[in-house]
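This is entry-v6.txt (compact mmCIF, C-alpha atoms).
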```txt
# COMPACT_ATOMS: atom_id res chain seq x y z
CA MET W 963 -8.73 18.69 -7.84
CA ILE W 964 -7.73 15.14 -6.86
CA VAL W 965 -8.67 13.86 -3.41
CA VAL W 966 -6.12 11.48 -1.87
CA THR W 967 -7.11 9.32 1.08
CA GLY W 968 -4.39 7.69 3.17
CA ALA W 969 -2.25 10.72 2.33
CA THR W 970 0.28 10.05 5.09
CA GLY W 971 0.71 6.39 4.17
CA ASN W 972 3.57 5.06 2.08
CA VAL W 973 1.69 5.13 -1.23
CA GLY W 974 -0.53 8.12 -0.50
CA ARG W 975 2.37 10.38 0.46
CA ALA W 976 4.32 9.39 -2.65
CA LEU W 977 1.24 10.05 -4.79
CA VAL W 978 0.71 13.50 -3.25
CA ASP W 979 4.31 14.39 -4.12
CA ARG W 980 3.88 13.14 -7.70
CA LEU W 981 0.63 14.99 -8.32
CA LEU W 982 2.04 18.23 -6.96
CA ALA W 983 5.12 17.81 -9.17
CA ALA W 984 2.73 17.44 -12.11
CA ASP W 985 1.17 20.76 -11.02
CA ARG W 986 -2.17 19.19 -10.15
CA PRO W 987 -4.18 20.46 -7.16
CA VAL W 988 -4.38 17.91 -4.36
CA ARG W 989 -6.67 17.63 -1.36
CA ALA W 990 -4.88 15.32 1.07
CA LEU W 991 -7.10 13.65 3.65
CA THR W 992 -5.60 12.75 7.03
CA ARG W 993 -6.82 12.10 10.55
CA ASP W 994 -4.54 14.79 12.01
CA PRO W 995 -3.57 17.61 9.61
CA ARG W 996 -1.30 19.25 12.20
CA ARG W 997 0.97 16.21 12.35
CA ALA W 998 0.75 15.14 8.72
CA GLY W 999 3.97 16.80 7.53
CA LEU W 1000 2.63 17.03 3.98
CA PRO W 1001 3.85 19.59 1.40
CA GLU W 1002 2.52 23.12 1.85
CA ARG W 1003 1.09 23.16 -1.67
CA ALA W 1004 -1.32 20.36 -0.77
CA GLU W 1005 -4.69 21.26 0.69
CA VAL W 1006 -4.55 19.17 3.87
CA VAL W 1007 -7.99 18.37 5.26
CA ARG W 1008 -9.10 16.39 8.28
CA HIS W 1009 -10.71 13.17 7.10
CA ARG W 1010 -14.04 12.77 8.85
CA PRO W 1011 -15.80 9.65 7.56
CA ASP W 1012 -18.97 10.79 9.32
CA ASP W 1013 -19.08 13.98 7.20
CA PRO W 1014 -17.97 12.98 3.69
CA GLU W 1015 -19.92 15.68 1.83
CA SER W 1016 -17.39 18.35 2.81
CA LEU W 1017 -14.44 16.49 1.33
CA PHE W 1018 -15.16 16.61 -2.39
CA THR W 1019 -16.13 20.17 -3.33
CA GLY W 1020 -14.57 20.95 -6.71
CA ALA W 1021 -12.93 17.52 -7.01
CA SER W 1022 -12.95 15.37 -10.14
CA ALA W 1023 -11.06 12.25 -9.00
CA LEU W 1024 -10.40 10.20 -5.89
CA PHE W 1025 -7.58 7.92 -4.78
CA LEU W 1026 -9.10 5.50 -2.30
CA TYR W 1027 -7.12 3.52 0.25
CA ALA W 1028 -9.13 0.39 1.10
CA GLN W 1029 -9.34 1.14 4.83
CA ALA W 1030 -9.89 4.88 4.48
CA ALA W 1031 -13.55 4.98 5.41
CA GLY W 1032 -14.10 1.64 7.12
CA GLU W 1033 -17.78 0.72 7.18
CA ARG W 1034 -18.66 4.12 5.65
CA THR W 1035 -17.00 3.45 2.27
CA ALA W 1036 -20.27 3.31 0.32
CA GLU W 1037 -21.32 6.60 1.93
CA LEU W 1038 -17.98 8.18 1.02
CA LEU W 1039 -18.28 7.06 -2.59
CA ARG W 1040 -21.86 8.32 -2.81
CA ALA W 1041 -20.80 11.72 -1.50
CA ALA W 1042 -17.96 11.82 -4.03
CA ARG W 1043 -20.31 11.03 -6.93
CA GLU W 1044 -22.89 13.58 -5.81
CA ALA W 1045 -20.16 16.26 -5.55
CA GLY W 1046 -19.06 15.65 -9.15
CA VAL W 1047 -16.17 13.22 -8.77
CA ARG W 1048 -16.02 11.08 -11.91
CA HIS W 1049 -13.18 8.58 -11.36
CA VAL W 1050 -11.94 6.58 -8.38
CA VAL W 1051 -8.61 4.74 -8.30
CA MET W 1052 -8.60 2.18 -5.51
CA LEU W 1053 -5.54 0.72 -3.80
CA SER W 1054 -6.58 -2.90 -3.36
CA SER W 1055 -4.45 -6.03 -2.95
CA ALA W 1056 -3.07 -8.88 -5.05
CA ILE W 1057 -4.70 -11.24 -2.55
CA ILE W 1058 -7.77 -10.81 -4.79
CA ALA W 1059 -6.96 -13.50 -7.35
CA GLU W 1060 -8.47 -16.56 -8.96
CA GLY W 1061 -8.46 -19.47 -6.53
CA ALA W 1062 -7.67 -17.29 -3.51
CA ASP W 1063 -9.02 -18.06 -0.05
CA GLU W 1064 -12.09 -15.84 0.00
CA THR W 1065 -12.46 -16.24 3.77
CA HIS W 1066 -9.07 -14.66 4.51
CA PRO W 1067 -9.75 -11.42 6.44
CA ILE W 1068 -7.51 -9.35 4.17
CA HIS W 1069 -9.29 -10.78 1.11
CA VAL W 1070 -12.69 -10.06 2.64
CA MET W 1071 -11.77 -6.46 3.41
CA HIS W 1072 -10.42 -5.65 -0.06
CA ALA W 1073 -13.09 -7.60 -1.95
CA THR W 1074 -15.80 -5.76 -0.03
CA VAL W 1075 -14.40 -2.34 -0.93
CA GLU W 1076 -13.79 -3.38 -4.54
CA ARG W 1077 -17.46 -4.37 -4.82
CA GLN W 1078 -18.52 -1.02 -3.37
CA VAL W 1079 -16.26 0.79 -5.86
CA ARG W 1080 -17.71 -1.15 -8.80
CA ASP W 1081 -21.24 -0.39 -7.59
CA SER W 1082 -20.57 3.30 -6.91
CA GLY W 1083 -21.62 4.67 -10.30
CA LEU W 1084 -18.13 6.16 -10.73
CA ASP W 1085 -15.57 5.21 -13.33
CA TRP W 1086 -13.06 3.03 -11.50
CA THR W 1087 -9.56 1.58 -11.69
CA LEU W 1088 -8.31 -1.10 -9.31
CA LEU W 1089 -4.66 -1.41 -8.29
CA ARG W 1090 -3.73 -4.80 -6.86
CA PRO W 1091 -0.13 -4.67 -5.61
CA GLY W 1092 1.58 -7.68 -4.13
CA ALA W 1093 3.95 -7.49 -1.17
CA PHE W 1094 5.19 -3.97 -0.43
CA ALA W 1095 8.93 -3.43 -0.18
CA ALA W 1096 7.99 -1.13 2.70
CA ASN W 1097 6.88 -4.17 4.71
CA ALA W 1098 10.57 -4.48 5.54
CA LEU W 1099 10.17 -1.49 7.85
CA GLN W 1100 8.83 -3.97 10.40
CA TRP W 1101 12.45 -5.02 10.89
CA ALA W 1102 13.72 -1.47 11.48
CA PRO W 1103 13.66 -1.58 15.32
CA GLN W 1104 15.71 -4.79 15.34
CA ILE W 1105 18.20 -3.47 12.78
CA ARG W 1106 18.64 -0.23 14.68
CA ALA W 1107 19.34 -2.29 17.82
CA GLY W 1108 21.75 -4.84 16.36
CA ASN W 1109 22.70 -7.14 13.49
CA THR W 1110 20.15 -9.91 14.03
CA VAL W 1111 16.65 -9.92 12.57
CA ARG W 1112 14.12 -12.38 13.98
CA GLY W 1113 11.23 -13.27 11.69
CA VAL W 1114 9.11 -16.06 10.31
CA PHE W 1115 9.71 -18.21 7.23
CA ALA W 1116 13.24 -17.31 6.14
CA ASP W 1117 12.63 -18.80 2.68
CA ALA W 1118 9.29 -17.11 2.01
CA VAL W 1119 9.50 -15.63 -1.50
CA THR W 1120 7.87 -12.43 -2.75
CA ALA W 1121 8.45 -9.83 -5.47
CA PRO W 1122 8.30 -6.67 -3.32
CA VAL W 1123 7.05 -3.54 -5.06
CA HIS W 1124 8.32 -0.04 -4.27
CA GLU W 1125 5.61 2.23 -2.88
CA ASP W 1126 6.58 4.99 -5.31
CA ASP W 1127 6.13 2.60 -8.24
CA ILE W 1128 2.56 1.99 -7.03
CA ALA W 1129 2.10 5.76 -6.75
CA ALA W 1130 3.47 6.21 -10.27
CA VAL W 1131 0.84 3.84 -11.66
CA ALA W 1132 -1.86 5.57 -9.62
CA GLU W 1133 -0.72 8.93 -11.02
CA ARG W 1134 -1.06 7.72 -14.60
CA ALA W 1135 -4.45 6.14 -13.89
CA LEU W 1136 -5.67 9.44 -12.44
CA LEU W 1137 -4.21 11.75 -15.07
CA ASP W 1138 -4.40 9.72 -18.28
CA GLY W 1139 -7.42 8.33 -20.05
CA GLY W 1140 -7.93 4.67 -20.79
CA HIS W 1141 -7.67 3.16 -17.31
CA GLU W 1142 -11.40 3.12 -16.59
CA GLY W 1143 -12.53 -0.40 -15.75
CA ALA W 1144 -8.94 -1.68 -15.60
CA VAL W 1145 -7.46 -3.96 -12.94
CA HIS W 1146 -3.69 -3.50 -12.63
CA ARG W 1147 -1.66 -6.15 -10.79
CA LEU W 1148 1.62 -4.64 -9.57
CA THR W 1149 4.82 -6.34 -8.40
CA GLY W 1150 8.50 -5.69 -8.16
CA PRO W 1151 10.78 -7.05 -10.91
CA GLU W 1152 12.36 -9.98 -9.09
CA ALA W 1153 11.77 -12.70 -6.51
CA VAL W 1154 13.58 -12.40 -3.16
CA THR W 1155 13.37 -14.33 0.09
CA ASN W 1156 13.22 -12.79 3.53
CA VAL W 1157 16.86 -13.75 4.00
CA GLN W 1158 17.81 -11.98 0.77
CA GLN W 1159 15.86 -8.88 1.76
CA VAL W 1160 17.72 -8.63 5.06
CA ALA W 1161 21.03 -9.18 3.26
CA ALA W 1162 20.17 -6.36 0.85
CA LEU W 1163 19.38 -4.08 3.78
CA GLY W 1164 22.70 -4.97 5.35
CA HIS W 1165 24.54 -4.22 2.10
CA ALA W 1166 22.84 -0.83 1.82
CA LEU W 1167 23.79 -0.04 5.43
CA GLY W 1168 27.35 -1.36 5.12
CA ARG W 1169 26.69 -4.06 7.73
CA THR W 1170 26.30 -7.83 7.87
CA LEU W 1171 22.82 -8.74 9.05
CA THR W 1172 21.64 -12.22 9.99
CA TYR W 1173 18.08 -13.50 9.66
CA VAL W 1174 17.00 -15.89 12.42
CA GLU W 1175 13.84 -17.84 11.69
CA VAL W 1176 11.19 -17.87 14.41
CA PRO W 1177 8.48 -20.57 14.53
CA PRO W 1178 5.18 -19.08 13.32
CA GLY W 1179 3.54 -20.02 16.61
CA GLN W 1180 5.84 -17.54 18.33
CA ALA W 1181 4.94 -14.65 16.04
CA GLY W 1182 3.19 -12.52 18.61
CA PRO W 1183 2.96 -8.83 19.46
CA ASP W 1184 6.74 -8.38 19.47
CA LEU W 1185 6.91 -9.13 15.74
CA TYR W 1186 3.48 -7.81 14.73
CA PRO W 1187 2.52 -5.10 17.22
CA GLY W 1188 -1.02 -3.87 16.99
CA LEU W 1189 -2.36 -6.79 14.97
CA PRO W 1190 -5.10 -8.92 16.55
CA PRO W 1191 -4.23 -12.63 17.00
CA HIS W 1192 -6.68 -13.85 14.34
CA LEU W 1193 -5.07 -11.60 11.74
CA VAL W 1194 -1.56 -12.71 12.71
CA GLN W 1195 -2.66 -16.32 12.27
CA ALA W 1196 -4.09 -15.53 8.83
CA LEU W 1197 -0.84 -13.84 7.83
CA MET W 1198 1.17 -16.88 8.94
CA LYS W 1199 -0.85 -19.06 6.55
CA THR W 1200 -0.31 -16.57 3.76
CA PHE W 1201 3.45 -16.39 4.38
CA GLU W 1202 3.79 -20.16 4.68
CA ALA W 1203 2.19 -20.60 1.27
CA THR W 1204 5.00 -18.53 -0.32
CA VAL W 1205 7.89 -20.68 0.95
CA GLY W 1206 9.75 -21.98 -2.07
CA VAL W 1207 6.96 -20.89 -4.43
CA PRO W 1208 7.87 -18.52 -7.29
CA PRO W 1209 5.81 -15.34 -6.89
CA GLU W 1210 3.75 -13.59 -9.50
CA ILE W 1211 5.88 -11.04 -11.38
CA THR W 1212 4.23 -8.56 -13.71
CA GLY W 1213 5.57 -5.90 -16.05
CA THR W 1214 2.67 -3.57 -15.31
CA VAL W 1215 4.71 -0.79 -13.71
CA GLU W 1216 6.93 -0.40 -16.77
CA LYS W 1217 4.05 -0.85 -19.21
CA ILE W 1218 2.04 1.98 -17.65
CA THR W 1219 4.78 4.38 -16.52
CA GLY W 1220 7.51 3.68 -19.06
CA THR W 1221 10.01 3.10 -16.23
CA PRO W 1222 11.03 -0.36 -14.96
CA ALA W 1223 9.88 -1.31 -11.48
CA ARG W 1224 12.60 -0.85 -8.87
CA THR W 1225 14.28 -3.79 -7.19
CA PHE W 1226 14.22 -4.41 -3.45
CA ALA W 1227 17.91 -3.52 -3.35
CA GLN W 1228 17.08 -0.11 -4.83
CA TRP W 1229 14.35 0.34 -2.24
CA ALA W 1230 16.79 -0.56 0.54
CA THR W 1231 19.36 1.95 -0.72
CA SER W 1232 16.78 4.76 -0.77
CA HIS W 1233 15.50 3.94 2.76
CA THR W 1234 18.70 3.54 4.77
CA ALA W 1235 17.73 6.44 7.04
CA ASP W 1236 14.76 4.41 8.28
CA PHE W 1237 17.09 1.71 9.61
CA ARG W 1238 19.74 3.88 11.28
CA SER W 1239 19.47 4.86 14.91
```
Give the structure from this file in structure tokens form.
Amino acid sequence: MIVVTGATGNVGRALVDRLLAADRPVRALTRDPRRAGLPERAEVVRHRPDDPESLFTGASALFLYAQAAGERTAELLRAAREAGVRHVVMLSSAIIAEGADETHPIHVMHATVERQVRDSGLDWTLLRPGAFAANALQWAPQIRAGNTVRGVFADAVTAPVHEDDIAAVAERALLDGGHEGAVHRLTGPEAVTNVQQVAALGHALGRTLTYVEVPPGQAGPDLYPGLPPHLVQALMKTFEATVGVPPEITGTVEKITGTPARTFAQWATSHTADFRS
């Protein structure tokens, strides 16, 4: 039995599908099982961070999304170990890197959970993906409404990674031996700017889309709904640092899975339904 936290998220859902296809039993944790829409073969369980002992009966491995348990992460890991879980694969972030700003709130969050994972007494594997291709979904409302996309830093450069490529690496780390104590940095195969991402989305949709750069000081709730102002400001600094700077590109996805990482254009083609009204 493999327990998957964040089972309705982009990576978690893809991982659930992969594990079920491999005929492995999955316990998918979610805040609202009735609305999860997960495959029937998965054991869908309400995730209650205040009662972690009930989550791990019969389980041998855990996929841990960094925000899954909040301040109760250490308690969750302790309950997993005491129930017999042996291995945890954590979805962390490429923001954890040599020379990184250790005061950045996203760094602090992931570094804290990584430390708890290392101290848990479990075998562990850390996945540190860079920018998600799925971050482009933030533009979906604008693309459904018209052909103009407003956003910050038109020339910001990333190597977006497909969520299913992250899930494929997680699957191998969970099912194969040899990943204990490993830190896997994951990226897509090529560098693209925000302008190029929007152009790729337009090509996939058969439309011409235009990216209009917005000053970072105007990046408020309309562009980043639900994010507190201090986090938006931190993100602006992160994005600004990528303008004109070649991103890290790794071959980790292909090395571990045997299949090349998918390009952003491939991601766009497979997600056109998300951008159509």
* Residue neighbourhood region 1054-1063 of chain W, 6 Å, all atoms listed in the file, exclusion window fewer than 3 positions, as a PyMOL selection string -> chain W and resi 1066+1069+1072+1089-1092
* Rank nothing, just name the residue among W:Val1114, W:Leu1171, W:Ala1130, W:Ala1161 nearest to Phe1201 (chain W), using only C-alpha atoms. =>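 Checking each candidate against Phe1201 (chain W), we get W:Val1114 as the closest.
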* **Spatial neighbours of region 1019-1027 of chain W, 8 Å, all atoms listed in the file, chain gap at least 4 places, as a PyMOL selection string** => chain W and resi 963-968+1015+1042+1045-1054+1132+1136
Selected residues written out, C-alpha atoms, as a CSV table (one decimal), in the coordinates of the input:
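Output below, filename part14.csv:
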```
chain,number,residue,atom,x,y,z
W,963,MET,CA,-8.7,18.7,-7.8
W,964,ILE,CA,-7.7,15.1,-6.9
W,965,VAL,CA,-8.7,13.9,-3.4
W,966,VAL,CA,-6.1,11.5,-1.9
W,967,THR,CA,-7.1,9.3,1.1
W,968,GLY,CA,-4.4,7.7,3.2
W,1015,GLU,CA,-19.9,15.7,1.8
W,1042,ALA,CA,-18.0,11.8,-4.0
W,1045,ALA,CA,-20.2,16.3,-5.6
W,1046,GLY,CA,-19.1,15.6,-9.2
W,1047,VAL,CA,-16.2,13.2,-8.8
W,1048,ARG,CA,-16.0,11.1,-11.9
W,1049,HIS,CA,-13.2,8.6,-11.4
W,1050,VAL,CA,-11.9,6.6,-8.4
W,1051,VAL,CA,-8.6,4.7,-8.3
W,1052,MET,CA,-8.6,2.2,-5.5
W,1053,LEU,CA,-5.5,0.7,-3.8
W,1054,SER,CA,-6.6,-2.9,-3.4
W,1132,ALA,CA,-1.9,5.6,-9.6
W,1136,LEU,CA,-5.7,9.4,-12.4
```
* Coordinates-based distance that separates CA of Gln1228 (chain W) from CA of Val1174 (chain W) (Å, one decimal) -> 23.4 Å
* To do: Please check which residues have atoms at most 6 Å from (14.6, -16.5, 4.9) in the file's coordinates, counting only C-alpha atoms, and write them as a ChimeraX atom specification.
  => /W:1115-1117,1155-1157
Save the residues we just selected, C-alpha atoms, as a JSON list (two decimals), in the frame of the given file?
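New file out-v7.json:
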```
[["chain", "number", "residue", "atom", "x", "y", "z"],
["W", 1115, "PHE", "CA", 9.71, -18.21, 7.23],
["W", 1116, "ALA", "CA", 13.24, -17.31, 6.14],
["W", 1117, "ASP", "CA", 12.63, -18.80, 2.68],
["W", 1155, "THR", "CA", 13.37, -14.33, 0.09],
["W", 1156, "ASN", "CA", 13.22, -12.79, 3.53],
["W", 1157, "VAL", "CA", 16.86, -13.75, 4.00]]
```
* Which is closer to Arg1224 (chain W) than all the others in W:Ala1121, W:Ala1203, W:Leu1017, W:Leu1189, using only C-alpha atoms? ->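 Nearest to Arg1224 (chain W): W:Ala1121.
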* Go through W:Gly1150, W:Gly1168, W:Pro1014, W:Pro1067 one by one, measure the shortest atom-to-atom distance of each to Pro1122 (chain W) using all atoms listed in the file, and give the residue with the smallest value. => W:Gly1150
* **Protein/DNA/RNA residues near (11.4, -6.6, 8.1), cut 9 Å, only C-alpha atoms, as a ChimeraX atom specification** => /W:1096-1102,1104-1105,1111-1113,1156,1159-1160
Restricting it to C-alpha atoms, dump the selection as an mmCIF file, in the frame of the given file.
```cif
data_model
loop_
_atom_site.group_PDB
_atom_site.id
_atom_site.type_symbol
_atom_site.label_atom_id
_atom_site.label_comp_id
_atom_site.auth_asym_id
_atom_site.auth_seq_id
_atom_site.Cartn_x
_atom_site.Cartn_y
_atom_site.Cartn_z
ATOM 1 C CA ALA W 1096 7.990 -1.130 2.700
ATOM 2 C CA ASN W 1097 6.880 -4.170 4.710
ATOM 3 C CA ALA W 1098 10.570 -4.480 5.540
ATOM 4 C CA LEU W 1099 10.170 -1.490 7.850
ATOM 5 C CA GLN W 1100 8.830 -3.970 10.400
ATOM 6 C CA TRP W 1101 12.450 -5.020 10.890
ATOM 7 C CA ALA W 1102 13.720 -1.470 11.480
ATOM 8 C CA GLN W 1104 15.710 -4.790 15.340
ATOM 9 C CA ILE W 1105 18.200 -3.470 12.780
ATOM 10 C CA VAL W 1111 16.650 -9.920 12.570
ATOM 11 C CA ARG W 1112 14.120 -12.380 13.980
ATOM 12 C CA GLY W 1113 11.230 -13.270 11.690
ATOM 13 C CA ASN W 1156 13.220 -12.790 3.530
ATOM 14 C CA GLN W 1159 15.860 -8.880 1.760
ATOM 15 C CA VAL W 1160 17.720 -8.630 5.060
#
```
* **Spatial neighbours of region 975-989 of chain W, 6 Å, only C-alpha atoms, chain gap at least 3 places, as a list in words** =>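 My list of contacting residues is Met963, Ile964, Val965, Ala969, Thr970, Gly971, Asn972, Ala1004, Glu1005, Val1006, Asp1126 and Ala1129 of chain W.
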* Determine the nearest neighbour of Ala1073 (chain W) from the options W:His1124, W:Ala1028, W:Ala1135, W:Glu1044, counting all atoms listed in the file. =>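 Of the candidates, the smallest distance to Ala1073 (chain W) is held by W:Ala1028.
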